[in-house]
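As stored in final_17.txt (compact mmCIF, C-alpha atoms):
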# COMPACT_ATOMS: atom_id res chain seq x y z
CA MET A 1 17.73 31.04 7.22
CA ALA A 2 17.72 27.71 9.07
CA ARG A 3 15.97 24.79 7.43
CA ALA A 4 13.69 22.49 9.40
CA GLU A 5 15.08 19.03 10.00
CA LEU A 6 13.47 16.37 7.84
CA THR A 7 12.34 13.62 10.15
CA PRO A 8 10.12 10.64 9.34
CA GLY A 9 7.23 12.37 11.10
CA VAL A 10 7.65 15.53 9.03
CA LEU A 11 7.74 13.49 5.83
CA VAL A 12 4.60 11.54 6.78
CA ALA A 13 2.82 14.78 7.65
CA LYS A 14 3.75 16.21 4.23
CA PHE A 15 2.45 13.07 2.49
CA ARG A 16 -0.83 13.24 4.40
CA GLU A 17 -1.20 16.93 3.65
CA ASN A 18 -0.87 16.18 -0.06
CA GLN A 19 -3.44 13.37 -0.30
CA ASN A 20 -6.81 13.47 -1.97
CA ASN A 21 -9.95 12.17 -0.25
CA ASN A 22 -9.29 8.72 -1.74
CA LYS A 23 -5.80 8.70 -0.14
CA THR A 24 -3.89 9.06 -3.41
CA PHE A 25 -1.41 11.86 -3.99
CA LYS A 26 -2.69 15.10 -5.41
CA SER A 27 -1.60 15.39 -9.03
CA ILE A 28 0.64 18.41 -8.52
CA PHE A 29 2.41 16.77 -5.58
CA ALA A 30 2.94 13.53 -7.50
CA THR A 31 4.27 15.42 -10.51
CA HIS A 32 6.68 17.57 -8.52
CA PHE A 33 7.69 15.05 -5.85
CA LEU A 34 7.66 11.63 -7.48
CA GLY A 35 9.03 13.04 -10.72
CA LYS A 36 12.34 13.72 -8.96
CA PHE A 37 13.04 9.99 -8.44
CA GLU A 38 14.61 7.60 -10.93
CA THR A 39 12.52 4.60 -11.99
CA GLU A 40 14.71 2.24 -9.97
CA GLU A 41 14.22 4.37 -6.86
CA LEU A 42 10.44 4.36 -7.28
CA GLU A 43 10.48 0.57 -7.79
CA GLY A 44 12.49 0.24 -4.58
CA MET A 45 9.91 2.33 -2.73
CA VAL A 46 7.11 0.12 -4.09
CA LYS A 47 8.93 -2.99 -2.83
CA SER A 48 9.43 -1.46 0.62
CA ILE A 49 5.81 -0.34 0.84
CA SER A 50 4.60 -3.77 -0.29
CA LYS A 51 6.70 -5.46 2.39
CA GLU A 52 5.29 -3.12 5.04
CA LEU A 53 1.71 -3.79 3.92
CA GLU A 54 2.25 -7.56 4.01
CA SER A 55 3.77 -7.31 7.48
CA ARG A 56 0.79 -5.33 8.72
CA LYS A 57 -1.65 -7.80 7.19
CA GLN A 58 0.16 -10.68 8.89
CA SER A 59 0.08 -8.83 12.21
CA ILE A 60 -3.69 -8.46 11.93
CA ILE A 61 -4.06 -12.17 11.13
CA ASP A 62 -1.85 -13.13 14.07
CA GLU A 63 -3.88 -10.87 16.35
CA LYS A 64 -7.16 -12.49 15.24
CA ILE A 65 -5.71 -15.98 15.75
CA GLU A 66 -4.60 -15.10 19.28
CA PHE A 67 -8.05 -13.69 20.03
CA LEU A 68 -9.70 -16.91 18.89
CA LYS A 69 -7.23 -19.07 20.84
CA ALA A 70 -7.86 -16.98 23.96
CA HIS A 71 -11.55 -17.79 23.61
CA GLY A 72 -10.97 -21.53 23.38
CA TYR A 73 -10.95 -22.05 19.63
CA ASN A 74 -8.41 -24.39 18.04
CA VAL A 75 -6.77 -22.49 15.17
CA SER A 76 -4.14 -23.81 12.80
CA LYS A 77 -2.21 -21.77 10.25
Show how you would write the structure in this file as structure tokens.
Amino acid sequence: MARAELTPGVLVAKFRENQNNNKTFKSIFATHFLGKFETEELEGMVKSISKELESRKQSIIDEKIEFLKAHGYNVSK
């Protein structure tokens, strides 16, 4: 039997499918999925996720600054 290729989109879909209403992982998913990783691997994931979140936050700030500048406001970082 052929296995489906694991692509980033497939992985994201699986994560979303296994989230609670508050966007945390369902307990059974966290136990079975996250339990397979070593502590160092989980810490690496946390670092990568934190970097991505910071990048997104900065993008939002930059977008707001550009909006204000476009409307004649003087904005300094």
Using all atoms listed in the file, which of A:Phe29, A:Ser48, A:Ser55, A:Phe37 sits nearest A:Arg16?
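Selected residue with least distance to A:Arg16: A:Phe29.
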To one decimal place in Å, what is the distance between atom CA of A:Ala70 and atom CA of A:Gln58?
18.2 Å
Can you work out the spacing between atom CA of A:Thr39 and atom CA of A:Lys26 in Å, to one decimal?
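Interatomic distance, atom CA of A:Thr39 to atom CA of A:Lys26: 19.6 Å.
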Atom CA of A:Glu41 to atom CA of A:Phe25: how many Å, to one decimal?
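Separating atom CA of A:Glu41 from atom CA of A:Phe25 is a distance of 17.6 Å.
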I'd like the contact shell of A:Ile28 - 12 Å cut-off, all atoms listed in the file, skipping same-chain residues fewer than 5 positions apart - returned as a PDB file with C-alpha atoms, in the frame of the given file.
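Dumped everything to result34.pdb:
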ATOM      1  CA  ASN A  18      -0.870  16.180  -0.060  1.00  0.00           C
ATOM      2  CA  GLN A  19      -3.440  13.370  -0.300  1.00  0.00           C
ATOM      3  CA  ASN A  20      -6.810  13.470  -1.970  1.00  0.00           C
ATOM      4  CA  PHE A  33       7.690  15.050  -5.850  1.00  0.00           C
ATOM      5  CA  LEU A  34       7.660  11.630  -7.480  1.00  0.00           C
ATOM      6  CA  GLY A  35       9.030  13.040 -10.720  1.00  0.00           C
TER       7      GLY A  35
END
Can you rebuild stretch 7-41 of chain A with N, CA and C atoms and give it as a compact mmCIF listing (two decimals), in the frame of the given file?
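File result36.txt, as written:
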# COMPACT_ATOMS: atom_id res chain seq x y z
N THR A 7 12.45 14.83 9.35
CA THR A 7 12.34 13.62 10.15
C THR A 7 11.25 12.75 9.52
N PRO A 8 11.19 11.47 9.88
CA PRO A 8 10.12 10.64 9.34
C PRO A 8 8.73 11.22 9.60
N GLY A 9 8.53 11.78 10.78
CA GLY A 9 7.23 12.37 11.10
C GLY A 9 6.88 13.55 10.21
N VAL A 10 7.86 14.37 9.91
CA VAL A 10 7.65 15.53 9.03
C VAL A 10 7.30 15.05 7.62
N LEU A 11 8.01 14.03 7.16
CA LEU A 11 7.74 13.49 5.83
C LEU A 11 6.33 12.89 5.74
N VAL A 12 5.95 12.13 6.75
CA VAL A 12 4.60 11.54 6.78
C VAL A 12 3.54 12.64 6.80
N ALA A 13 3.77 13.67 7.59
CA ALA A 13 2.82 14.78 7.65
C ALA A 13 2.67 15.44 6.27
N LYS A 14 3.78 15.60 5.56
CA LYS A 14 3.75 16.21 4.23
C LYS A 14 2.98 15.32 3.26
N PHE A 15 3.20 14.00 3.34
CA PHE A 15 2.45 13.07 2.49
C PHE A 15 0.96 13.18 2.76
N ARG A 16 0.59 13.17 4.04
CA ARG A 16 -0.83 13.24 4.40
C ARG A 16 -1.46 14.55 3.96
N GLU A 17 -0.71 15.61 4.06
CA GLU A 17 -1.20 16.93 3.65
C GLU A 17 -1.48 16.96 2.15
N ASN A 18 -0.76 16.16 1.39
CA ASN A 18 -0.87 16.18 -0.06
C ASN A 18 -1.65 14.98 -0.62
N GLN A 19 -2.59 14.46 0.17
CA GLN A 19 -3.44 13.37 -0.30
C GLN A 19 -4.83 13.88 -0.65
N ASN A 20 -5.41 13.22 -1.63
CA ASN A 20 -6.81 13.47 -1.97
C ASN A 20 -7.69 12.72 -0.99
N ASN A 21 -9.00 12.88 -1.12
CA ASN A 21 -9.95 12.17 -0.25
C ASN A 21 -9.85 10.66 -0.38
N ASN A 22 -9.41 10.17 -1.55
CA ASN A 22 -9.29 8.72 -1.74
C ASN A 22 -7.90 8.20 -1.36
N LYS A 23 -7.13 9.04 -0.68
CA LYS A 23 -5.80 8.70 -0.14
C LYS A 23 -4.72 8.50 -1.20
N THR A 24 -4.95 9.03 -2.40
CA THR A 24 -3.89 9.06 -3.41
C THR A 24 -3.27 10.45 -3.40
N PHE A 25 -2.07 10.56 -3.96
CA PHE A 25 -1.41 11.86 -3.99
C PHE A 25 -2.12 12.82 -4.93
N LYS A 26 -2.17 14.06 -4.52
CA LYS A 26 -2.69 15.10 -5.41
C LYS A 26 -1.77 15.15 -6.62
N SER A 27 -2.34 15.43 -7.77
CA SER A 27 -1.60 15.39 -9.03
C SER A 27 -0.36 16.28 -9.01
N ILE A 28 -0.50 17.48 -8.52
CA ILE A 28 0.64 18.41 -8.52
C ILE A 28 1.76 17.91 -7.62
N PHE A 29 1.41 17.31 -6.49
CA PHE A 29 2.41 16.77 -5.58
C PHE A 29 3.12 15.59 -6.25
N ALA A 30 2.34 14.69 -6.85
CA ALA A 30 2.94 13.53 -7.50
C ALA A 30 3.87 13.95 -8.63
N THR A 31 3.45 14.94 -9.40
CA THR A 31 4.27 15.42 -10.51
C THR A 31 5.57 16.02 -10.01
N HIS A 32 5.49 16.87 -9.00
CA HIS A 32 6.68 17.57 -8.52
C HIS A 32 7.54 16.73 -7.59
N PHE A 33 6.93 15.84 -6.82
CA PHE A 33 7.69 15.05 -5.85
C PHE A 33 8.19 13.75 -6.46
N LEU A 34 7.27 12.94 -6.95
CA LEU A 34 7.66 11.63 -7.48
C LEU A 34 8.48 11.74 -8.75
N GLY A 35 8.28 12.82 -9.49
CA GLY A 35 9.03 13.04 -10.72
C GLY A 35 10.52 13.23 -10.51
N LYS A 36 10.92 13.50 -9.27
CA LYS A 36 12.34 13.72 -8.96
C LYS A 36 13.11 12.40 -8.82
N PHE A 37 12.40 11.28 -8.67
CA PHE A 37 13.04 9.99 -8.44
C PHE A 37 13.26 9.24 -9.76
N GLU A 38 14.34 8.49 -9.80
CA GLU A 38 14.61 7.60 -10.93
C GLU A 38 13.64 6.42 -10.84
N THR A 39 13.41 5.75 -11.95
CA THR A 39 12.52 4.60 -11.99
C THR A 39 12.92 3.54 -10.98
N GLU A 40 14.22 3.26 -10.90
CA GLU A 40 14.71 2.24 -9.97
C GLU A 40 14.42 2.62 -8.52
N GLU A 41 14.51 3.90 -8.22
CA GLU A 41 14.22 4.37 -6.86
C GLU A 41 12.74 4.20 -6.53
